[in-house]
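S.K.: Pasting a structure here, questions to come.
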Amino acid sequence: MAFQLTWPRELNRLQTELDQLFGRGNGSSSRPQAYPAINLLEDDDNLYVESEIPGMELDEFELFVNAENQLTLQGERKQPNGGTTKRHREERAFGRFSRMIALPALVDGDATTADYVAGVLKITLPKKPEAKPRRIQVAAG
Amino acid sequence: MAENTLTQTAPARSSAEPTRQSPLFQPRFDITESENELTLYGDLPGVSQDDLVVRYENEHLIISGRVADRNQGLQVLRQEYGVGDFQRTFTIGEAIDPEAISAEVHNGVLVVHLPKAEAAKPKRIAVKAV
């Protein structure tokens, strides 16, 4: 008896549609669950952690780098004028956040800097000398 | 620490077709109303003041922002969100005064003030003692 189950396919389609609706169906397999979402970048000298957290001030971010090479990013997004007026639409999220990120290279925590431009936080973490790529001189034998 | 976790991480894809190759996102907005105006608060991270266009025509408020390329030449190790332009359109049903619309952006948050037209404002009627 040909017993065809169409349920799973329907469920997959539902998942795809939900993903599209909530903006996650853009091919990235790692679904962001933690807040804030971060992008991690590097060049030869630094690691960069970038995050879109609009509506803060730079000195409201609490950043820690510990000896285990983990970066902690904390803060609180405050709602303007305390939510007293009548609200028609509420799509933005507010509240305290905290996220710990394990860094993939040894960094110098004391030399870490951060800048905050147009709501984008960018943390620059200089790599320790032993973590930087070294060019190996090849001597002709 | 984060007891009520903030889960909304990525803005939704806009359904309108972009002409540029970079992705187009719908920014998240809060809309509040007071006696004198409607106020819109939108998250548009990465958009500078010069790249932001706010237009009002035919009761439509159109907000679009272009995000400049950043992080060129860097190696991406992990990507949890995409970077792209923003666009969103609202239909404003209330009677507002188009001449008096103002907008400002600070640290990636756009605030648009839509003052109500005189006719739409609530009026207090003086009660006379007779």
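How things are named: the first chain in the structure tokens is A, the next is B, and so on; residues count from 1 in each chain; ligands count from 1 in the order shown.
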Once you count only C-alpha atoms, what closest atom pair and distance in Å to one decimal does each residue of chain A within 6 Å of chain B have, with rows by chain and rising residue number, as JSON lines?

M.R.:
{"residue": "A:Phe22", "atom": "CA", "partner": "B:Ala12", "partner_atom": "CA", "distance": 5.1}
{"residue": "A:Gly23", "atom": "CA", "partner": "B:Ala12", "partner_atom": "CA", "distance": 3.9}
{"residue": "A:Pro32", "atom": "CA", "partner": "B:Glu80", "partner_atom": "CA", "distance": 5.7}
{"residue": "A:Tyr35", "atom": "CA", "partner": "B:Leu6", "partner_atom": "CA", "distance": 5.7}
{"residue": "A:Ala37", "atom": "CA", "partner": "B:Glu80", "partner_atom": "CA", "distance": 5.6}
{"residue": "A:Ile38", "atom": "CA", "partner": "B:Glu80", "partner_atom": "CA", "distance": 5.6}
{"residue": "A:Asn39", "atom": "CA", "partner": "B:Gln79", "partner_atom": "CA", "distance": 4.6}
{"residue": "A:Leu40", "atom": "CA", "partner": "B:Arg78", "partner_atom": "CA", "distance": 4.9}
{"residue": "A:Leu41", "atom": "CA", "partner": "B:Val76", "partner_atom": "CA", "distance": 4.4}
{"residue": "A:Glu42", "atom": "CA", "partner": "B:Gln75", "partner_atom": "CA", "distance": 5.2}
{"residue": "A:Asp43", "atom": "CA", "partner": "B:Leu74", "partner_atom": "CA", "distance": 5.5}
{"residue": "A:Glu52", "atom": "CA", "partner": "B:Pro45", "partner_atom": "CA", "distance": 5.9}
{"residue": "A:Pro54", "atom": "CA", "partner": "B:Gly108", "partner_atom": "CA", "distance": 4.8}
{"residue": "A:Gly55", "atom": "CA", "partner": "B:Asn107", "partner_atom": "CA", "distance": 5.4}
{"residue": "A:Lys86", "atom": "CA", "partner": "B:Glu33", "partner_atom": "CA", "distance": 5.2}
{"residue": "A:Arg87", "atom": "CA", "partner": "B:Thr32", "partner_atom": "CA", "distance": 4.3}
{"residue": "A:His88", "atom": "CA", "partner": "B:Ile31", "partner_atom": "CA", "distance": 5.3}
{"residue": "A:Arg89", "atom": "CA", "partner": "B:Ile31", "partner_atom": "CA", "distance": 5.0}
{"residue": "A:Glu90", "atom": "CA", "partner": "B:Asp30", "partner_atom": "CA", "distance": 4.6}
{"residue": "A:Glu91", "atom": "CA", "partner": "B:Arg28", "partner_atom": "CA", "distance": 5.5}
{"residue": "A:Arg92", "atom": "CA", "partner": "B:Arg28", "partner_atom": "CA", "distance": 5.8}
{"residue": "A:Arg96", "atom": "CA", "partner": "B:Ala2", "partner_atom": "CA", "distance": 5.7}
{"residue": "A:Phe97", "atom": "CA", "partner": "B:Ala2", "partner_atom": "CA", "distance": 5.0}
{"residue": "A:Ser98", "atom": "CA", "partner": "B:Ala2", "partner_atom": "CA", "distance": 5.9}
{"residue": "A:Ala118", "atom": "CA", "partner": "B:Asn107", "partner_atom": "CA", "distance": 4.2}
{"residue": "A:Gly119", "atom": "CA", "partner": "B:Gly108", "partner_atom": "CA", "distance": 4.1}
{"residue": "A:Val120", "atom": "CA", "partner": "B:Pro45", "partner_atom": "CA", "distance": 5.8}

S.K.: At a cut-off of 9 Å, using only C-alpha atoms, what residues contact Glu59 (chain B)? Leave out same-chain residues fewer than 5 positions from it and give the result as an NGL selection string.

M.R.: :B and (90-96)

S.K.: Give me, please, the distance in Å between CA of Asp44 (chain A) and CA of Val138 (chain A), quoted to one decimal.

M.R.: 20.2 Å

S.K.: When you count only C-alpha atoms, which of these residues is closest to Val54 (chain B): B:Arg70, B:Lys123, B:Arg88, B:Lys116?

M.R.: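 That would be B:Arg88, the residue with the smallest distance to Val54 (chain B).
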
S.K.: For Gln74 (chain A), work out the shell of residues within 12 Å, counting only C-alpha atoms and skipping chain neighbours fewer than 4 positions away, then give it as a list in words.

M.R.: Tyr35, Pro36, Ser51, Ile53, Met56, Leu58, Asp59, Glu60, Phe61, Glu62, Leu63, Phe64, Val65, Gly95, Arg96, Phe97, Ser98, Arg99, Met100, Ile101 and Leu121 of chain A; Met1 and Ala2 of chain B

S.K.: Would you mind exporting the chosen residues as a PDB file, in the first residue's frame, restricted to N, CA and C atoms?

M.R.:
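Wrote it out as result_16.pdb, contents follow:
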ATOM      1  N   TYR A  35      21.078  37.194  22.259  1.00  0.00           N
ATOM      2  CA  TYR A  35      21.098  38.625  21.996  1.00  0.00           C
ATOM      3  C   TYR A  35      22.278  39.227  22.739  1.00  0.00           C
ATOM      4  N   PRO A  36      23.012  40.109  22.173  1.00  0.00           N
ATOM      5  CA  PRO A  36      22.900  40.564  20.787  1.00  0.00           C
ATOM      6  C   PRO A  36      23.579  39.615  19.811  1.00  0.00           C
ATOM      7  N   SER A  51      28.469  44.296  16.555  1.00  0.00           N
ATOM      8  CA  SER A  51      27.090  44.022  16.905  1.00  0.00           C
ATOM      9  C   SER A  51      26.238  45.259  16.679  1.00  0.00           C
ATOM     10  N   ILE A  53      23.499  47.307  18.001  1.00  0.00           N
ATOM     11  CA  ILE A  53      22.688  47.593  19.189  1.00  0.00           C
ATOM     12  C   ILE A  53      22.392  49.085  19.193  1.00  0.00           C
ATOM     13  N   MET A  56      22.072  53.130  22.149  1.00  0.00           N
ATOM     14  CA  MET A  56      22.857  53.116  23.380  1.00  0.00           C
ATOM     15  C   MET A  56      23.862  54.271  23.320  1.00  0.00           C
ATOM     16  N   LEU A  58      28.137  54.811  24.129  1.00  0.00           N
ATOM     17  CA  LEU A  58      29.324  53.944  24.238  1.00  0.00           C
ATOM     18  C   LEU A  58      29.631  53.591  25.692  1.00  0.00           C
ATOM     19  N   ASP A  59      29.483  54.564  26.596  1.00  0.00           N
ATOM     20  CA  ASP A  59      29.859  54.278  27.987  1.00  0.00           C
ATOM     21  C   ASP A  59      28.802  53.452  28.730  1.00  0.00           C
ATOM     22  N   GLU A  60      27.704  53.108  28.050  1.00  0.00           N
ATOM     23  CA  GLU A  60      26.711  52.232  28.687  1.00  0.00           C
ATOM     24  C   GLU A  60      27.001  50.754  28.459  1.00  0.00           C
ATOM     25  N   PHE A  61      27.970  50.471  27.609  1.00  0.00           N
ATOM     26  CA  PHE A  61      28.346  49.071  27.382  1.00  0.00           C
ATOM     27  C   PHE A  61      29.338  48.634  28.459  1.00  0.00           C
ATOM     28  N   GLU A  62      29.135  47.427  28.948  1.00  0.00           N
ATOM     29  CA  GLU A  62      30.094  46.853  29.886  1.00  0.00           C
ATOM     30  C   GLU A  62      30.793  45.705  29.170  1.00  0.00           C
ATOM     31  N   LEU A  63      32.088  45.845  29.013  1.00  0.00           N
ATOM     32  CA  LEU A  63      32.865  44.846  28.282  1.00  0.00           C
ATOM     33  C   LEU A  63      33.917  44.255  29.202  1.00  0.00           C
ATOM     34  N   PHE A  64      34.032  42.947  29.184  1.00  0.00           N
ATOM     35  CA  PHE A  64      35.049  42.271  29.986  1.00  0.00           C
ATOM     36  C   PHE A  64      35.755  41.246  29.109  1.00  0.00           C
ATOM     37  N   VAL A  65      37.065  41.156  29.283  1.00  0.00           N
ATOM     38  CA  VAL A  65      37.818  40.053  28.683  1.00  0.00           C
ATOM     39  C   VAL A  65      38.489  39.336  29.837  1.00  0.00           C
ATOM     40  N   GLY A  95      15.690  46.038  27.352  1.00  0.00           N
ATOM     41  CA  GLY A  95      15.988  45.309  28.577  1.00  0.00           C
ATOM     42  C   GLY A  95      17.475  45.065  28.724  1.00  0.00           C
ATOM     43  N   ARG A  96      17.814  44.335  29.776  1.00  0.00           N
ATOM     44  CA  ARG A  96      19.231  44.017  30.013  1.00  0.00           C
ATOM     45  C   ARG A  96      19.651  42.862  29.119  1.00  0.00           C
ATOM     46  N   PHE A  97      20.878  42.912  28.682  1.00  0.00           N
ATOM     47  CA  PHE A  97      21.402  41.790  27.911  1.00  0.00           C
ATOM     48  C   PHE A  97      22.805  41.473  28.393  1.00  0.00           C
ATOM     49  N   SER A  98      23.183  40.245  28.181  1.00  0.00           N
ATOM     50  CA  SER A  98      24.515  39.812  28.549  1.00  0.00           C
ATOM     51  C   SER A  98      24.883  38.644  27.663  1.00  0.00           C
ATOM     52  N   ARG A  99      26.036  38.698  27.106  1.00  0.00           N
ATOM     53  CA  ARG A  99      26.443  37.601  26.231  1.00  0.00           C
ATOM     54  C   ARG A  99      27.930  37.357  26.387  1.00  0.00           C
ATOM     55  N   MET A 100      28.295  36.101  26.451  1.00  0.00           N
ATOM     56  CA  MET A 100      29.703  35.730  26.536  1.00  0.00           C
ATOM     57  C   MET A 100      30.105  35.036  25.249  1.00  0.00           C
ATOM     58  N   ILE A 101      31.244  35.428  24.733  1.00  0.00           N
ATOM     59  CA  ILE A 101      31.711  34.904  23.454  1.00  0.00           C
ATOM     60  C   ILE A 101      33.113  34.324  23.671  1.00  0.00           C
ATOM     61  N   LEU A 121      28.237  48.637  17.342  1.00  0.00           N
ATOM     62  CA  LEU A 121      29.373  48.525  18.260  1.00  0.00           C
ATOM     63  C   LEU A 121      30.434  47.654  17.618  1.00  0.00           C
TER      64      LEU A 121
ATOM     65  N   MET B   1      21.475  36.636  34.208  1.00  0.00           N
ATOM     66  CA  MET B   1      21.602  38.076  34.041  1.00  0.00           C
ATOM     67  C   MET B   1      20.506  38.600  33.121  1.00  0.00           C
ATOM     68  N   ALA B   2      20.422  38.007  31.942  1.00  0.00           N
ATOM     69  CA  ALA B   2      19.368  38.451  31.020  1.00  0.00           C
ATOM     70  C   ALA B   2      18.130  37.602  31.264  1.00  0.00           C
TER      71      ALA B   2
END

S.K.: State, in Å with one decimal place, the distance from CA of Ser102 (chain B) to CA of Asn58 (chain B).

M.R.: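 Computed distance, CA of Ser102 (chain B) to CA of Asn58 (chain B), equals 17.1 Å.
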
S.K.: What is the distance, in Å and to one decimal place, between CA of Ala103 (chain B) and CA of Asp85 (chain B)?

M.R.: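 Going from CA of Ala103 (chain B) over to CA of Asp85 (chain B), I get 18.7 Å.
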
S.K.: Which of these residues is nearest to Pro98 (chain B), using only C-alpha atoms: B:Ala68, B:Gly84, B:Pro115, B:Leu24?

M.R.: B:Pro115

S.K.: Determine which residues of chain B DSSP labels as strand (DSSP E) from the backbone of this structure, then write them out as an NGL selection string.

M.R.: :B and (12-13 or 24-26 or 29-33 or 37-43 or 52-57 or 60-65 or 75-79 or 85-91 or 102-106 or 109-115)

S.K.: Can those selected residues be exported to a file as a short mmCIF file (atom, residue, chain, number, x, y, z; two decimals), in the first residue's frame so that it contains N, CA and C atoms?

M.R.:
data_model
loop_
_atom_site.label_atom_id
_atom_site.label_comp_id
_atom_site.auth_asym_id
_atom_site.auth_seq_id
_atom_site.Cartn_x
_atom_site.Cartn_y
_atom_site.Cartn_z
N ALA B 12 13.35 41.67 9.64
CA ALA B 12 12.76 40.84 8.59
C ALA B 12 13.21 41.33 7.23
N ARG B 13 13.26 40.39 6.29
CA ARG B 13 13.52 40.77 4.92
C ARG B 13 12.36 41.59 4.38
N LEU B 24 17.99 43.73 1.44
CA LEU B 24 17.16 44.83 1.90
C LEU B 24 16.38 44.35 3.11
N PHE B 25 16.46 45.08 4.20
CA PHE B 25 15.80 44.67 5.43
C PHE B 25 14.70 45.65 5.81
N GLN B 26 13.71 45.12 6.54
CA GLN B 26 12.68 45.98 7.11
C GLN B 26 13.10 46.35 8.51
N PHE B 29 10.16 48.97 14.09
CA PHE B 29 9.66 50.27 14.50
C PHE B 29 8.73 50.16 15.70
N ASP B 30 8.78 51.17 16.55
CA ASP B 30 7.75 51.39 17.57
C ASP B 30 7.00 52.64 17.14
N ILE B 31 5.69 52.64 17.35
CA ILE B 31 4.90 53.83 17.04
C ILE B 31 4.11 54.21 18.28
N THR B 32 4.25 55.44 18.70
CA THR B 32 3.48 55.91 19.85
C THR B 32 2.65 57.12 19.42
N GLU B 33 1.63 57.35 20.21
CA GLU B 33 0.77 58.49 19.90
C GLU B 33 0.56 59.31 21.16
N GLU B 37 0.94 64.43 18.49
CA GLU B 37 1.68 63.86 17.38
C GLU B 37 1.75 62.34 17.45
N LEU B 38 2.05 61.76 16.29
CA LEU B 38 2.48 60.36 16.22
C LEU B 38 4.00 60.38 16.19
N THR B 39 4.61 59.46 16.93
CA THR B 39 6.06 59.40 16.93
C THR B 39 6.49 57.99 16.56
N LEU B 40 7.42 57.90 15.62
CA LEU B 40 7.94 56.62 15.18
C LEU B 40 9.39 56.50 15.63
N TYR B 41 9.71 55.36 16.22
CA TYR B 41 11.09 55.08 16.59
C TYR B 41 11.54 53.87 15.80
N GLY B 42 12.59 54.02 15.02
CA GLY B 42 13.05 52.90 14.21
C GLY B 42 14.51 52.58 14.45
N ASP B 43 14.82 51.30 14.45
CA ASP B 43 16.22 50.87 14.59
C ASP B 43 16.84 50.74 13.21
N LEU B 52 20.10 58.55 4.79
CA LEU B 52 18.76 58.27 5.26
C LEU B 52 17.77 59.18 4.54
N VAL B 53 16.71 58.57 3.99
CA VAL B 53 15.71 59.36 3.29
C VAL B 53 14.35 59.09 3.93
N VAL B 54 13.67 60.15 4.35
CA VAL B 54 12.33 60.05 4.90
C VAL B 54 11.43 60.89 4.00
N ARG B 55 10.43 60.25 3.40
CA ARG B 55 9.54 60.96 2.49
C ARG B 55 8.10 60.72 2.89
N TYR B 56 7.27 61.71 2.66
CA TYR B 56 5.84 61.55 2.92
C TYR B 56 5.08 61.96 1.69
N GLU B 57 4.32 61.03 1.11
CA GLU B 57 3.50 61.39 -0.05
C GLU B 57 2.29 60.48 -0.08
N HIS B 60 1.58 58.09 2.60
CA HIS B 60 2.59 57.07 2.83
C HIS B 60 3.87 57.70 3.35
N LEU B 61 4.34 57.14 4.42
CA LEU B 61 5.63 57.57 4.95
C LEU B 61 6.66 56.51 4.56
N ILE B 62 7.63 56.93 3.78
CA ILE B 62 8.62 55.97 3.25
C ILE B 62 9.97 56.29 3.89
N ILE B 63 10.53 55.27 4.49
CA ILE B 63 11.81 55.44 5.15
C ILE B 63 12.81 54.50 4.49
N SER B 64 13.87 55.05 3.96
CA SER B 64 14.89 54.15 3.40
C SER B 64 16.26 54.62 3.83
N GLY B 65 17.10 53.66 4.09
CA GLY B 65 18.45 53.96 4.54
C GLY B 65 19.43 53.07 3.82
N GLN B 75 38.49 39.11 7.33
CA GLN B 75 38.07 37.71 7.21
C GLN B 75 36.90 37.48 8.15
N VAL B 76 35.80 36.93 7.64
CA VAL B 76 34.64 36.68 8.48
C VAL B 76 34.79 35.31 9.15
N LEU B 77 34.76 35.29 10.47
CA LEU B 77 34.87 34.02 11.20
C LEU B 77 33.50 33.49 11.59
N ARG B 78 32.60 34.40 11.93
CA ARG B 78 31.25 33.98 12.30
C ARG B 78 30.30 35.10 11.93
N GLN B 79 29.19 34.75 11.30
CA GLN B 79 28.22 35.77 10.92
C GLN B 79 26.85 35.38 11.44
N ASP B 85 20.73 47.24 3.23
CA ASP B 85 19.97 48.48 3.29
C ASP B 85 18.63 48.26 3.98
N PHE B 86 18.01 49.36 4.35
CA PHE B 86 16.72 49.30 5.04
C PHE B 86 15.66 50.01 4.22
N GLN B 87 14.45 49.46 4.22
CA GLN B 87 13.34 50.22 3.66
C GLN B 87 12.05 49.79 4.32
N ARG B 88 11.18 50.76 4.56
CA ARG B 88 9.89 50.44 5.13
C ARG B 88 8.90 51.56 4.82
N THR B 89 7.66 51.18 4.60
CA THR B 89 6.63 52.16 4.27
C THR B 89 5.47 52.01 5.24
N PHE B 90 4.99 53.11 5.73
CA PHE B 90 3.80 53.10 6.60
C PHE B 90 2.69 53.91 5.94
N THR B 91 1.48 53.43 6.11
CA THR B 91 0.33 54.23 5.70
C THR B 91 -0.17 54.97 6.92
N SER B 102 9.10 66.17 11.20
CA SER B 102 10.54 66.31 11.43
C SER B 102 11.10 64.96 11.83
N ALA B 103 12.40 64.80 11.62
CA ALA B 103 13.04 63.52 11.91
C ALA B 103 14.45 63.76 12.40
N GLU B 104 14.88 62.92 13.30
CA GLU B 104 16.28 63.00 13.73
C GLU B 104 16.80 61.59 13.94
N VAL B 105 18.12 61.44 13.83
CA VAL B 105 18.72 60.12 14.03
C VAL B 105 19.87 60.27 15.01
N HIS B 106 19.91 59.34 15.97
CA HIS B 106 20.99 59.37 16.95
C HIS B 106 21.37 57.94 17.30
N VAL B 109 19.17 55.13 15.91
CA VAL B 109 17.72 55.15 16.14
C VAL B 109 17.14 56.39 15.45
N LEU B 110 16.22 56.13 14.53
CA LEU B 110 15.54 57.21 13.83
C LEU B 110 14.26 57.55 14.59
N VAL B 111 14.04 58.84 14.82
CA VAL B 111 12.80 59.28 15.44
C VAL B 111 12.11 60.22 14.46
N VAL B 112 10.88 59.87 14.08
CA VAL B 112 10.10 60.71 13.16
C VAL B 112 8.91 61.26 13.92
N HIS B 113 8.77 62.57 13.90
CA HIS B 113 7.64 63.23 14.55
C HIS B 113 6.61 63.61 13.48
N LEU B 114 5.39 63.14 13.66
CA LEU B 114 4.31 63.48 12.73
C LEU B 114 3.25 64.27 13.51
N PRO B 115 3.36 65.59 13.50
CA PRO B 115 2.38 66.37 14.26
C PRO B 115 1.00 66.25 13.63
#

S.K.: Given the choices B:Arg66, B:Ile101, B:Asn36, B:Gln21, which gets closest to Lys121 (chain B) if the distance is worked out from only C-alpha atoms?

M.R.: B:Asn36
